[in-house]
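Here is the structure we will look at, set down as structure tokens.
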Amino acid sequence: MNSSVIVAIVGASLLSGCAGVNSRDTALAADVEAFAARLAEAGEFSGAVLLARHGRPLLRRGYGLANREAGRPNTPETPFALASVSKMFTAVVIAKLVERKQLSFDSTLGSLLPSYPSADARDQVTVRHLLTMSSGIPDLFRVPAFWEGIPAIKTPADFWKYFAISPLEFRPGTQWNYSNSNFLLLGAIIERQTGRAFIPVIEEQLFRPLGLANTRYEVDPSRKPALGYTRNPSAAGGDSAGWHPAWKEPKPGDDFVLASPMGGGYSTVDDLARFADALVANRILSRDTTAQVLTGYIDAGYGGRDGYGFETRLANGVRMAGHRGSLAGTLNQVEFYPDLGYVLVVLGNMDSGADVIASHVRALITHSPWP
């Protein structure tokens, strides 16, 4: 019998004994488990997958190795580098400031960061534009000098010189263009409005109240995160399959931006599912504000529409929201279905697989063609 079929049967058997799990969800979990296993066996996925419904895990499993040299396996408890997935944290704290009337989604950049160099951006760009990637502010990731200058960056304002004096790429609100610079500015707004450093604010507003004990912006020496692997030929020390370590343990090197409002940090599949459940249940923001941040406002390049810091999709009438994260050695997808109660968290420590698994789950849940 094919190994993937065995995995599916075993997964279905285990889940069928769980109270409250219907046959459709049992079959869904078995399908996803077998699909992820096939990718892992083919060397195209390494990481952890959690599929849950209404807070109850349907599938929770690690695949592949967190460290190939040491033979350390990935498990559901393994922390993974988040990349842009943590943009959701920045966005939610901005929304909390809006609820406290410390700013509004229509506040201009100039009213919040009066020292920002570009007059056009100060006058025209709003918080709404920053959250929906429609500001026209250039992405510093596309500036070669930024990558060379990372070791000298010590404060959020140190990033500005790589994009803040450049002209707007389009009139704010008229187009979508993914720009990490937007979320650096949102982080600076959080710091200015609270009078505190970014990381302690996020920890106080989100991590501690939600019990996200394994989510942090800096490496916990007692909890080694998964080491990322890339097929970038410039990386050194590759294996026979062409995978190279993307950074050195215990944390990424100078070519990886940590502890930033535009991304970074580490988390586990359990913590991210807890965050998603709390958001959908209106335990972080009010019902009205939650609805605002999860509404898609502008057509985006990933095939959906950008909300306030969340990527949104609609397929066969089924709403989805979440965020993708990618860097060398990291590919993640968090996606939740507010009306159906599903949460999918796929965290990967290689450049492939997570997006394919998310697309597969999306097709199954929404009865849509697999892209």
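Residues are named by chain letter and number: chains run A, B, ... in the order of the structure tokens, numbers start at 1 in each chain, and ligands are numbered from 1 in the order shown.
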| message | Report as a ChimeraX atom specification all protein, DNA and RNA residues lying within 8 Å of region 170-182 of chain A, evaluated on only C-alpha atoms, omitting residues in the same chain fewer than 2 positions from it. | response | /A:124-125,129-141,163,168,184-186,262,298-301
Hey, what's within 6 Å of region 205-222 of chain A if we count only C-alpha atoms and toss same-chain stuff fewer than 3 positions away? As a list in words, please?
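What passes the distance filter is Val201, Ile202, Ala259, Gly265, Tyr266, Ser267 and Asp271 of chain A.
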| request: Using DSSP on the backbone coordinates, identify the residues of region 204-318 of chain A assigned to alpha helix (DSSP H); present them as a ChimeraX atom specification. | output: /A:208-210,269-280,287-293
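Of the listed residues A:Thr330, A:Thr366, A:Thr295, A:Asn349, the one whose atoms come nearest to Gly317 (chain A) is A:Thr366, with distances taken using only C-alpha atoms.
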Enumerate, as a PyMOL selection string, the complete set of residues in region 168-369 of chain A that a backbone-based DSSP assignment places in strand (DSSP E). chain A and resi 229-230+244-245+266-267+298-299+305-306+311-315+318-327+330-337+342-348
Would you export the selected residues with C-alpha atoms as a short mmCIF file (atom, residue, chain, number, x, y, z; two decimals), in the first residue's frame, please?
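Here's the written file out_12.cif:
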```cif
data_model
loop_
_atom_site.label_atom_id
_atom_site.label_comp_id
_atom_site.auth_asym_id
_atom_site.auth_seq_id
_atom_site.Cartn_x
_atom_site.Cartn_y
_atom_site.Cartn_z
CA TYR A 229 17.43 26.29 4.10
CA THR A 230 17.58 27.87 0.67
CA HIS A 244 22.05 25.46 1.77
CA PRO A 245 21.73 26.87 5.31
CA TYR A 266 9.69 33.62 15.84
CA SER A 267 6.59 31.66 16.71
CA ILE A 298 -7.69 47.13 -2.89
CA ASP A 299 -6.86 44.51 -5.50
CA ARG A 305 -7.51 42.22 -1.81
CA ASP A 306 -5.50 43.85 0.94
CA GLU A 311 -4.27 39.58 2.96
CA THR A 312 -7.86 38.67 2.14
CA ARG A 313 -9.42 36.35 -0.43
CA LEU A 314 -12.91 35.33 -1.46
CA ALA A 315 -13.61 32.01 -3.20
CA VAL A 318 -15.95 31.81 1.44
CA ARG A 319 -13.93 34.55 3.15
CA MET A 320 -10.26 34.06 4.02
CA ALA A 321 -7.70 36.29 5.71
CA GLY A 322 -4.15 36.00 6.97
CA HIS A 323 -0.63 36.71 5.80
CA ARG A 324 2.27 35.13 3.97
CA GLY A 325 5.91 35.39 5.02
CA SER A 326 8.98 34.67 2.94
CA LEU A 327 12.71 35.22 3.00
CA THR A 330 11.58 30.79 5.23
CA LEU A 331 8.16 30.35 3.63
CA ASN A 332 5.03 30.60 5.78
CA GLN A 333 1.30 30.95 5.32
CA VAL A 334 -1.27 31.75 7.98
CA GLU A 335 -4.85 31.66 6.72
CA PHE A 336 -8.10 31.63 8.62
CA TYR A 337 -11.72 31.35 7.57
CA TYR A 342 -10.95 26.98 10.21
CA VAL A 343 -7.40 28.13 10.92
CA LEU A 344 -4.43 26.93 8.88
CA VAL A 345 -0.85 27.65 9.95
CA VAL A 346 1.99 26.39 7.76
CA LEU A 347 5.49 27.36 8.89
CA GLY A 348 8.36 26.23 6.71
#
```
Here CA of Arg72 (chain A) and CA of Glu203 (chain A) stand apart by 28.9 Å
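The residue that comes closest to Ile190 (chain A), out of A:Thr78, A:Thr90, A:Ser107, A:Ser115 and on the basis of only C-alpha atoms, is A:Thr90.
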